[in-house]
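Structure file structure-v1.cif (mmCIF, C-alpha atoms) is printed below.
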```
data_upload
loop_
_atom_site.group_PDB
_atom_site.id
_atom_site.type_symbol
_atom_site.label_atom_id
_atom_site.label_comp_id
_atom_site.auth_asym_id
_atom_site.auth_seq_id
_atom_site.Cartn_x
_atom_site.Cartn_y
_atom_site.Cartn_z
ATOM 1 C CA MET X 20 96.735 89.926 130.229
ATOM 2 C CA ALA X 21 96.339 89.010 126.563
ATOM 3 C CA VAL X 22 96.941 90.671 123.209
ATOM 4 C CA LEU X 23 94.067 90.398 120.743
ATOM 5 C CA VAL X 24 95.290 90.025 117.156
ATOM 6 C CA THR X 25 92.569 90.600 114.572
ATOM 7 C CA GLY X 26 93.399 89.006 111.235
ATOM 8 C CA GLY X 27 96.007 86.941 113.047
ATOM 9 C CA ALA X 28 95.747 84.046 110.589
ATOM 10 C CA GLY X 29 96.901 86.229 107.695
ATOM 11 C CA TYR X 30 100.434 86.657 106.380
ATOM 12 C CA ILE X 31 101.767 89.472 108.571
ATOM 13 C CA GLY X 32 99.298 88.729 111.353
ATOM 14 C CA SER X 33 100.475 85.131 111.760
ATOM 15 C CA HIS X 34 104.114 86.211 111.911
ATOM 16 C CA THR X 35 103.210 88.757 114.591
ATOM 17 C CA VAL X 36 101.358 86.077 116.559
ATOM 18 C CA ALA X 37 104.479 83.905 116.324
ATOM 19 C CA ALA X 38 106.652 86.764 117.598
ATOM 20 C CA LEU X 39 104.281 87.370 120.519
ATOM 21 C CA LEU X 40 104.281 83.680 121.431
ATOM 22 C CA GLU X 41 108.087 83.593 121.297
ATOM 23 C CA ARG X 42 108.157 86.083 124.158
ATOM 24 C CA ASN X 43 105.475 84.211 126.112
ATOM 25 C CA GLU X 44 102.630 86.655 125.573
ATOM 26 C CA SER X 45 99.076 85.398 125.924
ATOM 27 C CA VAL X 46 97.515 85.746 122.486
ATOM 28 C CA VAL X 47 93.914 85.747 121.268
ATOM 29 C CA VAL X 48 93.222 85.641 117.527
ATOM 30 C CA ILE X 49 90.084 86.560 115.580
ATOM 31 C CA ASP X 50 90.054 85.749 111.861
ATOM 32 C CA ASN X 51 87.196 84.995 109.470
ATOM 33 C CA LEU X 52 89.613 82.927 107.301
ATOM 34 C CA GLN X 53 88.567 84.649 104.067
ATOM 35 C CA GLN X 54 92.260 85.180 103.363
ATOM 36 C CA GLY X 55 93.891 83.740 106.475
ATOM 37 C CA HIS X 56 94.793 80.145 107.313
ATOM 38 C CA GLN X 57 94.169 78.619 110.709
ATOM 39 C CA GLU X 58 97.249 76.425 110.191
ATOM 40 C CA ALA X 59 99.323 79.620 110.291
ATOM 41 C CA VAL X 60 98.280 80.366 113.876
ATOM 42 C CA LEU X 61 100.936 78.649 115.971
ATOM 43 C CA GLY X 62 99.275 79.058 119.364
ATOM 44 C CA GLY X 63 97.003 81.075 121.594
ATOM 45 C CA VAL X 64 93.206 81.117 121.620
ATOM 46 C CA PHE X 65 91.558 81.166 118.192
ATOM 47 C CA TYR X 66 88.081 82.438 117.285
ATOM 48 C CA LYS X 67 86.806 82.008 113.741
ATOM 49 C CA GLY X 68 84.636 84.980 112.954
ATOM 50 C CA ASP X 69 84.320 88.558 111.799
ATOM 51 C CA ILE X 70 85.012 91.668 113.861
ATOM 52 C CA ARG X 71 81.767 93.156 112.526
ATOM 53 C CA ASP X 72 79.955 90.468 114.527
ATOM 54 C CA THR X 73 79.338 92.362 117.756
ATOM 55 C CA ASP X 74 78.134 89.227 119.558
ATOM 56 C CA LEU X 75 81.462 87.584 118.767
ATOM 57 C CA LEU X 76 83.368 90.628 120.025
ATOM 58 C CA ASP X 77 81.318 90.551 123.234
ATOM 59 C CA LYS X 78 82.240 86.878 123.695
ATOM 60 C CA VAL X 79 85.944 87.378 122.981
ATOM 61 C CA PHE X 80 86.309 90.317 125.351
ATOM 62 C CA ALA X 81 84.255 88.584 128.046
ATOM 63 C CA GLU X 82 86.252 85.349 127.914
ATOM 64 C CA ASN X 83 89.722 86.905 127.785
ATOM 65 C CA ASP X 84 91.565 89.524 129.818
ATOM 66 C CA ILE X 85 92.626 91.702 126.884
ATOM 67 C CA ASP X 86 94.880 94.699 127.496
ATOM 68 C CA ALA X 87 95.826 95.600 123.919
ATOM 69 C CA VAL X 88 94.833 94.989 120.294
ATOM 70 C CA ILE X 89 96.946 94.550 117.161
ATOM 71 C CA HIS X 90 94.596 95.139 114.250
ATOM 72 C CA PHE X 91 95.304 93.507 110.870
ATOM 73 C CA ALA X 92 91.806 92.422 109.776
ATOM 74 C CA ALA X 93 91.012 94.202 106.490
ATOM 75 C CA ASN X 94 90.616 93.684 102.775
ATOM 76 C CA SER X 95 93.763 94.818 100.999
ATOM 77 C CA LEU X 96 93.636 94.323 97.208
ATOM 78 C CA VAL X 97 94.002 97.656 95.437
ATOM 79 C CA GLY X 98 92.339 96.530 92.202
ATOM 80 C CA GLU X 99 89.365 94.983 93.970
ATOM 81 C CA SER X 100 88.966 98.095 96.108
ATOM 82 C CA MET X 101 88.477 100.181 92.954
ATOM 83 C CA GLN X 102 85.882 97.753 91.592
ATOM 84 C CA ASN X 103 84.005 97.273 94.859
ATOM 85 C CA PRO X 104 84.571 100.276 97.137
ATOM 86 C CA GLY X 105 81.523 99.477 99.248
ATOM 87 C CA LYS X 106 83.041 96.165 100.319
ATOM 88 C CA TYR X 107 86.185 97.965 101.470
ATOM 89 C CA TYR X 108 84.368 100.654 103.410
ATOM 90 C CA HIS X 109 82.118 98.084 105.062
ATOM 91 C CA ASN X 110 84.847 95.627 106.038
ATOM 92 C CA ASN X 111 87.699 98.004 106.763
ATOM 93 C CA VAL X 112 86.011 101.116 108.146
ATOM 94 C CA PHE X 113 82.864 99.646 109.697
ATOM 95 C CA GLY X 114 84.931 96.759 111.054
ATOM 96 C CA ALA X 115 87.241 99.255 112.760
ATOM 97 C CA ILE X 116 84.238 101.098 114.209
ATOM 98 C CA CYS X 117 82.921 97.870 115.743
ATOM 99 C CA LEU X 118 86.331 97.042 117.186
ATOM 100 C CA LEU X 119 87.013 100.511 118.602
ATOM 101 C CA GLU X 120 83.548 100.755 120.150
ATOM 102 C CA LYS X 121 84.088 97.413 121.888
ATOM 103 C CA MET X 122 87.527 98.517 123.091
ATOM 104 C CA LYS X 123 85.957 101.684 124.487
ATOM 105 C CA THR X 124 83.253 99.898 126.431
ATOM 106 C CA SER X 125 85.756 97.278 127.668
ATOM 107 C CA GLY X 126 88.316 99.835 128.822
ATOM 108 C CA VAL X 127 91.013 98.597 126.439
ATOM 109 C CA LYS X 128 93.119 101.666 125.621
ATOM 110 C CA LYS X 129 95.912 100.427 123.321
ATOM 111 C CA ILE X 130 95.774 99.479 119.641
ATOM 112 C CA ILE X 131 98.501 98.886 117.057
ATOM 113 C CA PHE X 132 97.146 99.371 113.554
ATOM 114 C CA SER X 133 98.405 97.745 110.371
ATOM 115 C CA SER X 134 98.228 100.681 107.972
ATOM 116 C CA THR X 135 99.795 101.097 104.554
ATOM 117 C CA ALA X 136 101.986 103.294 102.394
ATOM 118 C CA ALA X 137 98.938 103.527 100.110
ATOM 119 C CA THR X 138 97.760 106.327 102.416
ATOM 120 C CA TYR X 139 100.330 108.598 100.703
ATOM 121 C CA GLY X 140 99.202 108.009 97.137
ATOM 122 C CA GLU X 141 101.651 109.241 94.512
ATOM 123 C CA PRO X 142 104.639 110.433 96.592
ATOM 124 C CA GLU X 143 105.836 113.994 96.132
ATOM 125 C CA SER X 144 109.357 113.023 97.173
ATOM 126 C CA VAL X 145 111.414 109.910 97.907
ATOM 127 C CA PRO X 146 112.033 108.578 100.486
ATOM 128 C CA VAL X 147 108.535 109.133 101.858
ATOM 129 C CA LEU X 148 108.294 110.760 105.295
ATOM 130 C CA GLU X 149 105.446 110.476 107.811
ATOM 131 C CA SER X 150 104.966 114.248 107.487
ATOM 132 C CA ASP X 151 104.356 114.033 103.733
ATOM 133 C CA PRO X 152 100.827 114.654 102.395
ATOM 134 C CA THR X 153 98.350 111.770 102.435
ATOM 135 C CA ASN X 154 96.394 111.676 99.176
ATOM 136 C CA PRO X 155 95.354 108.073 98.474
ATOM 137 C CA THR X 156 94.809 107.137 94.840
ATOM 138 C CA ASN X 157 92.687 104.057 95.554
ATOM 139 C CA THR X 158 89.843 103.002 97.820
ATOM 140 C CA TYR X 159 92.038 100.650 99.835
ATOM 141 C CA GLY X 160 94.411 103.453 100.830
ATOM 142 C CA GLU X 161 91.478 105.781 101.488
ATOM 143 C CA THR X 162 89.855 103.320 103.899
ATOM 144 C CA LYS X 163 93.121 102.788 105.772
ATOM 145 C CA LEU X 164 93.564 106.555 106.106
ATOM 146 C CA ALA X 165 89.974 106.837 107.338
ATOM 147 C CA MET X 166 90.753 104.198 109.979
ATOM 148 C CA GLU X 167 93.824 106.156 111.097
ATOM 149 C CA LYS X 168 91.757 109.330 111.438
ATOM 150 C CA MET X 169 89.064 107.476 113.374
ATOM 151 C CA MET X 170 91.659 106.196 115.845
ATOM 152 C CA LYS X 171 92.912 109.746 116.320
ATOM 153 C CA TRP X 172 89.458 110.912 117.378
ATOM 154 C CA PHE X 173 88.908 107.869 119.630
ATOM 155 C CA ASP X 174 92.114 108.942 121.359
ATOM 156 C CA VAL X 175 90.860 112.519 121.721
ATOM 157 C CA ALA X 176 87.426 111.457 122.980
ATOM 158 C CA HIS X 177 88.163 108.262 124.903
ATOM 159 C CA GLY X 178 91.916 108.047 125.471
ATOM 160 C CA VAL X 179 92.379 105.025 123.209
ATOM 161 C CA LYS X 180 96.068 105.276 122.287
ATOM 162 C CA PHE X 181 97.122 104.010 118.857
ATOM 163 C CA VAL X 182 100.178 103.462 116.699
ATOM 164 C CA ALA X 183 99.600 103.301 112.942
ATOM 165 C CA LEU X 184 102.361 101.491 111.053
ATOM 166 C CA ARG X 185 102.508 102.381 107.365
ATOM 167 C CA TYR X 186 104.447 99.783 105.468
ATOM 168 C CA PHE X 187 105.355 99.034 101.925
ATOM 169 C CA ASN X 188 106.167 95.487 100.767
ATOM 170 C CA ALA X 189 106.429 92.540 103.149
ATOM 171 C CA ALA X 190 108.301 89.487 101.890
ATOM 172 C CA GLY X 191 109.935 86.310 103.137
ATOM 173 C CA ALA X 192 108.857 83.671 105.625
ATOM 174 C CA HIS X 193 109.538 82.758 109.242
ATOM 175 C CA GLU X 194 112.880 81.123 109.922
ATOM 176 C CA ASN X 195 111.086 78.209 111.617
ATOM 177 C CA GLY X 196 109.754 77.147 108.218
ATOM 178 C CA GLN X 197 106.219 76.713 109.559
ATOM 179 C CA ILE X 198 104.559 79.879 108.282
ATOM 180 C CA GLY X 199 104.869 81.835 105.060
ATOM 181 C CA GLU X 200 102.933 83.671 102.363
ATOM 182 C CA ASP X 201 99.809 82.121 100.842
ATOM 183 C CA HIS X 202 97.266 84.468 99.249
ATOM 184 C CA SER X 203 94.364 83.724 96.942
ATOM 185 C CA PRO X 204 94.591 85.373 94.518
ATOM 186 C CA GLU X 205 98.323 85.981 94.774
ATOM 187 C CA THR X 206 99.337 89.537 93.890
ATOM 188 C CA HIS X 207 102.718 89.942 95.619
ATOM 189 C CA LEU X 208 105.866 89.942 93.531
ATOM 190 C CA VAL X 209 108.071 87.489 95.456
ATOM 191 C CA PRO X 210 105.636 84.555 95.549
ATOM 192 C CA LEU X 211 104.663 85.240 91.924
ATOM 193 C CA ILE X 212 108.325 85.037 90.899
ATOM 194 C CA LEU X 213 108.767 81.811 92.871
ATOM 195 C CA GLN X 214 105.795 80.211 91.142
ATOM 196 C CA VAL X 215 108.029 79.930 88.060
ATOM 197 C CA PRO X 216 110.690 77.613 89.584
ATOM 198 C CA LEU X 217 107.831 75.771 91.305
ATOM 199 C CA GLY X 218 106.430 74.972 87.856
ATOM 200 C CA GLN X 219 103.185 76.857 88.466
ATOM 201 C CA ARG X 220 103.699 79.469 85.759
ATOM 202 C CA GLU X 221 105.924 79.621 82.705
ATOM 203 C CA HIS X 222 107.293 83.118 83.231
ATOM 204 C CA ILE X 223 107.056 86.215 85.377
ATOM 205 C CA ALA X 224 105.563 89.376 83.885
ATOM 206 C CA ILE X 225 107.377 92.704 84.102
ATOM 207 C CA TYR X 226 104.882 95.539 83.714
ATOM 208 C CA GLY X 227 106.889 98.187 81.918
ATOM 209 C CA GLU X 228 110.640 98.734 81.507
ATOM 210 C CA ASP X 229 110.557 102.381 80.479
ATOM 211 C CA TYR X 230 110.338 103.983 83.919
ATOM 212 C CA PRO X 231 112.885 106.664 84.943
ATOM 213 C CA THR X 232 114.915 104.166 86.986
ATOM 214 C CA PRO X 233 118.385 102.655 86.357
ATOM 215 C CA ASP X 234 117.029 99.529 84.625
ATOM 216 C CA GLY X 235 113.656 100.927 83.563
ATOM 217 C CA THR X 236 111.554 98.856 85.972
ATOM 218 C CA CYS X 237 109.678 99.988 89.073
ATOM 219 C CA ILE X 238 111.579 100.218 92.346
ATOM 220 C CA ARG X 239 109.975 99.175 95.618
ATOM 221 C CA ASP X 240 110.927 98.914 99.277
ATOM 222 C CA TYR X 241 110.946 95.342 100.681
ATOM 223 C CA LEU X 242 111.081 94.222 104.305
ATOM 224 C CA HIS X 243 111.227 90.789 105.860
ATOM 225 C CA VAL X 244 107.850 89.977 107.381
ATOM 226 C CA SER X 245 109.427 89.086 110.742
ATOM 227 C CA ASP X 246 111.021 92.545 110.934
ATOM 228 C CA LEU X 247 107.544 93.990 110.440
ATOM 229 C CA ALA X 248 106.244 91.780 113.238
ATOM 230 C CA ASP X 249 109.018 93.022 115.530
ATOM 231 C CA ALA X 250 107.984 96.619 114.860
ATOM 232 C CA HIS X 251 104.423 95.895 115.981
ATOM 233 C CA ILE X 252 105.740 94.539 119.262
ATOM 234 C CA LEU X 253 108.003 97.560 119.820
ATOM 235 C CA ALA X 254 104.984 99.811 119.261
ATOM 236 C CA LEU X 255 102.970 97.724 121.726
ATOM 237 C CA ASP X 256 105.705 98.029 124.343
ATOM 238 C CA MET X 257 105.812 101.785 123.850
ATOM 239 C CA LEU X 258 102.073 102.138 124.473
ATOM 240 C CA ARG X 259 102.256 99.837 127.492
ATOM 241 C CA GLU X 260 104.913 102.140 128.912
ATOM 242 C CA GLY X 261 102.548 105.112 128.625
ATOM 243 C CA GLY X 262 103.577 106.423 125.222
ATOM 244 C CA GLU X 263 101.413 108.671 123.095
ATOM 245 C CA SER X 264 99.660 107.895 119.820
ATOM 246 C CA ASN X 265 101.867 108.113 116.732
ATOM 247 C CA VAL X 266 102.325 107.165 113.087
ATOM 248 C CA TYR X 267 105.436 105.419 111.744
ATOM 249 C CA ASN X 268 106.684 104.264 108.370
ATOM 250 C CA LEU X 269 108.250 100.839 108.088
ATOM 251 C CA GLY X 270 110.667 100.393 105.222
ATOM 252 C CA SER X 271 114.198 99.417 104.380
ATOM 253 C CA GLY X 272 115.115 102.900 103.188
ATOM 254 C CA LYS X 273 116.421 101.383 99.974
ATOM 255 C CA GLY X 274 114.677 100.083 96.910
ATOM 256 C CA PHE X 275 115.001 97.160 94.559
ATOM 257 C CA SER X 276 113.776 97.087 90.982
ATOM 258 C CA VAL X 277 111.604 94.336 89.554
ATOM 259 C CA LYS X 278 114.545 93.103 87.478
ATOM 260 C CA GLU X 279 116.781 93.049 90.560
ATOM 261 C CA MET X 280 114.192 90.987 92.434
ATOM 262 C CA ILE X 281 114.016 88.476 89.597
ATOM 263 C CA GLU X 282 117.798 88.248 89.349
ATOM 264 C CA VAL X 283 118.197 87.546 93.061
ATOM 265 C CA ALA X 284 115.452 84.909 92.846
ATOM 266 C CA ARG X 285 117.357 83.256 89.989
ATOM 267 C CA LYS X 286 120.448 83.116 92.167
ATOM 268 C CA VAL X 287 118.571 81.721 95.182
ATOM 269 C CA THR X 288 116.570 79.094 93.281
ATOM 270 C CA GLY X 289 119.088 78.160 90.584
ATOM 271 C CA HIS X 290 116.276 78.483 88.030
ATOM 272 C CA PRO X 291 116.435 80.718 84.918
ATOM 273 C CA ILE X 292 112.995 82.266 85.680
ATOM 274 C CA PRO X 293 112.032 83.591 82.228
ATOM 275 C CA ALA X 294 110.616 87.121 82.282
ATOM 276 C CA ILE X 295 108.376 88.789 79.703
ATOM 277 C CA VAL X 296 107.919 92.561 79.513
ATOM 278 C CA GLN X 297 104.315 93.701 79.212
ATOM 279 C CA ALA X 298 102.628 97.094 79.142
ATOM 280 C CA ARG X 299 102.703 99.316 82.201
ATOM 281 C CA ARG X 300 99.887 98.988 84.703
ATOM 282 C CA SER X 301 97.883 102.120 85.344
ATOM 283 C CA GLY X 302 98.856 103.978 88.477
ATOM 284 C CA ASP X 303 102.192 102.276 89.205
ATOM 285 C CA PRO X 304 104.620 104.907 90.585
ATOM 286 C CA ALA X 305 108.202 104.548 89.371
ATOM 287 C CA VAL X 306 109.764 104.559 92.842
ATOM 288 C CA LEU X 307 108.339 103.934 96.328
ATOM 289 C CA ILE X 308 110.818 103.949 99.194
ATOM 290 C CA ALA X 309 110.094 104.754 102.838
ATOM 291 C CA SER X 310 112.156 106.581 105.388
ATOM 292 C CA SER X 311 112.036 104.669 108.682
ATOM 293 C CA ASP X 312 114.271 107.089 110.575
ATOM 294 C CA LYS X 313 111.457 108.111 112.919
ATOM 295 C CA ILE X 314 110.683 104.627 114.270
ATOM 296 C CA LYS X 315 114.380 103.766 114.458
ATOM 297 C CA GLN X 316 115.107 106.864 116.524
ATOM 298 C CA GLN X 317 112.024 106.781 118.746
ATOM 299 C CA LEU X 318 111.423 103.041 119.233
ATOM 300 C CA GLY X 319 114.812 101.555 118.411
ATOM 301 C CA TRP X 320 113.530 99.445 115.537
ATOM 302 C CA ASN X 321 116.417 97.860 113.681
ATOM 303 C CA PRO X 322 115.488 95.412 110.904
ATOM 304 C CA SER X 323 117.946 92.530 111.093
ATOM 305 C CA ARG X 324 116.911 90.574 107.998
ATOM 306 C CA ASP X 325 117.687 93.262 105.441
ATOM 307 C CA SER X 326 119.559 91.173 102.859
ATOM 308 C CA LEU X 327 117.354 90.737 99.809
ATOM 309 C CA GLU X 328 118.947 87.355 99.151
ATOM 310 C CA ALA X 329 118.149 86.216 102.695
ATOM 311 C CA ILE X 330 114.559 87.470 102.410
ATOM 312 C CA ILE X 331 113.952 85.558 99.184
ATOM 313 C CA GLN X 332 115.761 82.491 100.541
ATOM 314 C CA THR X 333 113.341 82.232 103.487
ATOM 315 C CA ALA X 334 110.413 82.577 101.084
ATOM 316 C CA TRP X 335 111.857 79.915 98.791
ATOM 317 C CA ASN X 336 112.426 77.547 101.715
ATOM 318 C CA TRP X 337 108.769 77.816 102.704
ATOM 319 C CA HIS X 338 107.316 77.588 99.195
ATOM 320 C CA GLN X 339 109.337 74.465 98.406
ATOM 321 C CA LYS X 340 107.794 72.762 101.448
ATOM 322 C CA HIS X 341 104.327 74.197 100.766
ATOM 323 C CA PRO X 342 104.071 74.496 96.955
ATOM 324 C CA GLU X 343 100.257 74.561 97.097
ATOM 325 C CA GLY X 344 100.052 76.610 100.285
ATOM 326 C CA TYR X 345 98.850 75.690 103.757
ATOM 327 C CA GLY X 346 97.586 72.203 104.482
ATOM 328 C CA LYS X 347 99.273 70.758 101.400
ATOM 329 C CA GLN X 348 102.844 69.484 101.550
#
```
Encoded form using structure tokens:
Amino acid sequence: MAVLVTGGAGYIGSHTVAALLERNESVVVIDNLQQGHQEAVLGGVFYKGDIRDTDLLDKVFAENDIDAVIHFAANSLVGESMQNPGKYYHNNVFGAICLLEKMKTSGVKKIIFSSTAATYGEPESVPVLESDPTNPTNTYGETKLAMEKMMKWFDVAHGVKFVALRYFNAAGAHENGQIGEDHSPETHLVPLILQVPLGQREHIAIYGEDYPTPDGTCIRDYLHVSDLADAHILALDMLREGGESNVYNLGSGKGFSVKEMIEVARKVTGHPIPAIVQARRSGDPAVLIASSDKIKQQLGWNPSRDSLEAIIQTAWNWHQKHPEGYGKQ
């Protein structure tokens, strides 16, 4: 039996593929390589293509004995989603429809879904709980919430069990040094900070230092990408053992400010990393921290790479070896 990983050439997807391979799972990957990198896929069977291509889905399911799906394939840039909502509904929501319909007709009843904390919108309280209201403030979060709701009704109608994992900020790179974070355009804080000691930008921008936080900068919840991958596998095991559909947050339960992130990066890299304060960005909440008590209690998830210094060190190790990203040493 094989696990199908959609978007498995992306950042979190590739780390999940690596984790599956490490425990000798058979893995099948579909990725259209718009944002992913085939070099990041360390094994298994790879298909270049889009999950909205029903002929491709027919081929993949016919050629492989798939028993479960881990679904990452989606567009995920908040700003772009507000400028081009149609693209996000078509790729994210219609793509999920195509995938779920194929799972239904193929008798595949288990799916782990890469969701997002953006489903909550502006949090009413911190840390955020799974029971808190979901009121997305952008199209990206709205499409992910729509996908969660769709999976719920596919469970009711067809018995397709799902686990939706809502996470905050992934960071770091695999300890093997082979895979890491390479987006175009890059929007994530850790790689943007590291572009300064790499000589790719002169400074890092801090968007606002007048927030109601200890140092005035936004606080976010960061997790090592391999700990996120481990959570997907725990959720898969739970469904394989007959568990019911569920929704879980993934977070560290503690937050780090932008200034703290920069300071730790200075320590790790030995570079001064100049920072310039700019105006706030619209819609940035002051604090976003997740409670992961539910998944820890129910699935035994225990993130083991929770030192911020260790997270940034793994990222720095990878970026030094791959300063221009995949395929370029």
The PyMOL selection byres ((chain X and resi 66) around 8) on the file shown: which residues, as a VMD selection string? chain X and resid 47 to 50 64 to 65 67 to 68 79
Specify as a ChimeraX atom specification each residue included when the PyMOL selection byres ((chain X and resi 280) around 10) is applied to this file. /X:208-209,212,238-239,241,275-279,281-285,327-328,331
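Here CA of Ala137 (chain X) is placed at a distance of 16.1 Å from CA of Arg300 (chain X).
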Expected selection from the PyMOL selection byres ((chain X and resi 162-170) around 6), given as a list in words: Val112, Ser134, Thr138, Tyr159, Gly160, Glu161, Lys171, Trp172 and Phe173 of chain X
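Reported to one decimal place, the separation of CA of Gly55 (chain X) from CA of Ile85 (chain X) is 21.9 Å.
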For a cutoff of 12 Å around the file-coordinate point (108.8, 104.1, 80.4), which residues qualify once you count only C-alpha atoms? I'd like the result as a ChimeraX atom specification. /X:226-237,296-300,303-305
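Ranking X:Gly27, X:Gly346, X:Gly196, X:Gly289 by their shortest atom-to-atom distance to Glu58 (chain X), with only C-alpha atoms included, puts X:Gly346 first.
Proximity to region 29-34 of chain X at 9 Å, evaluated using only C-alpha atoms and with sequence-adjacent residues fewer than 4 positions away removed, yields Val24, Thr25, Ala38, Leu39, Asp50, Leu52, Gln54, Gly55, His56, Gln57, Ala59, Val60, Leu61, Ile89, His90, Phe91, Ala92, Ala189, Ala192, His193, Ile198, Gly199, Glu200, Asp201, His202, Val244, Ser245, Leu247 and Ala248 of chain X.
Of note, CA of Ala329 (chain X) and CA of Gly191 (chain X) are spaced 8.2 Å apart.
Between Ala115 (chain X) and the residues X:Ala334, X:Val215, X:Ala93, X:Ala136, the shortest atom-to-atom distance, using only C-alpha atoms, involves X:Ala93.
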Take every atom of region 193-208 of chain X listed in the file, fit an axis-aligned box around them, add 8 Å per side, and give the centre and edge lengths in Å to one decimal as JSON.
```
{"center_x": 103.6, "center_y": 83.3, "center_z": 102.6, "size_x": 34.5, "size_y": 29.2, "size_z": 34.1}
```
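Proximity ranking of X:Lys128, X:Asp325, X:Ser144, X:Asp312 relative to Ala176 (chain X) places X:Lys128 first, based on all atoms listed in the file.
Of the residues under consideration (X:Ala37, X:Cys117, X:Leu269, X:Ala224), X:Leu269 shows the shortest atom-to-atom contact distance to Asn188 (chain X) when counting only C-alpha atoms.
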Nearest to Glu149 (chain X), restricted to all atoms listed in the file and choosing among X:Ala294, X:Gly178, X:Thr35, X:Gly270, comes out as X:Gly270
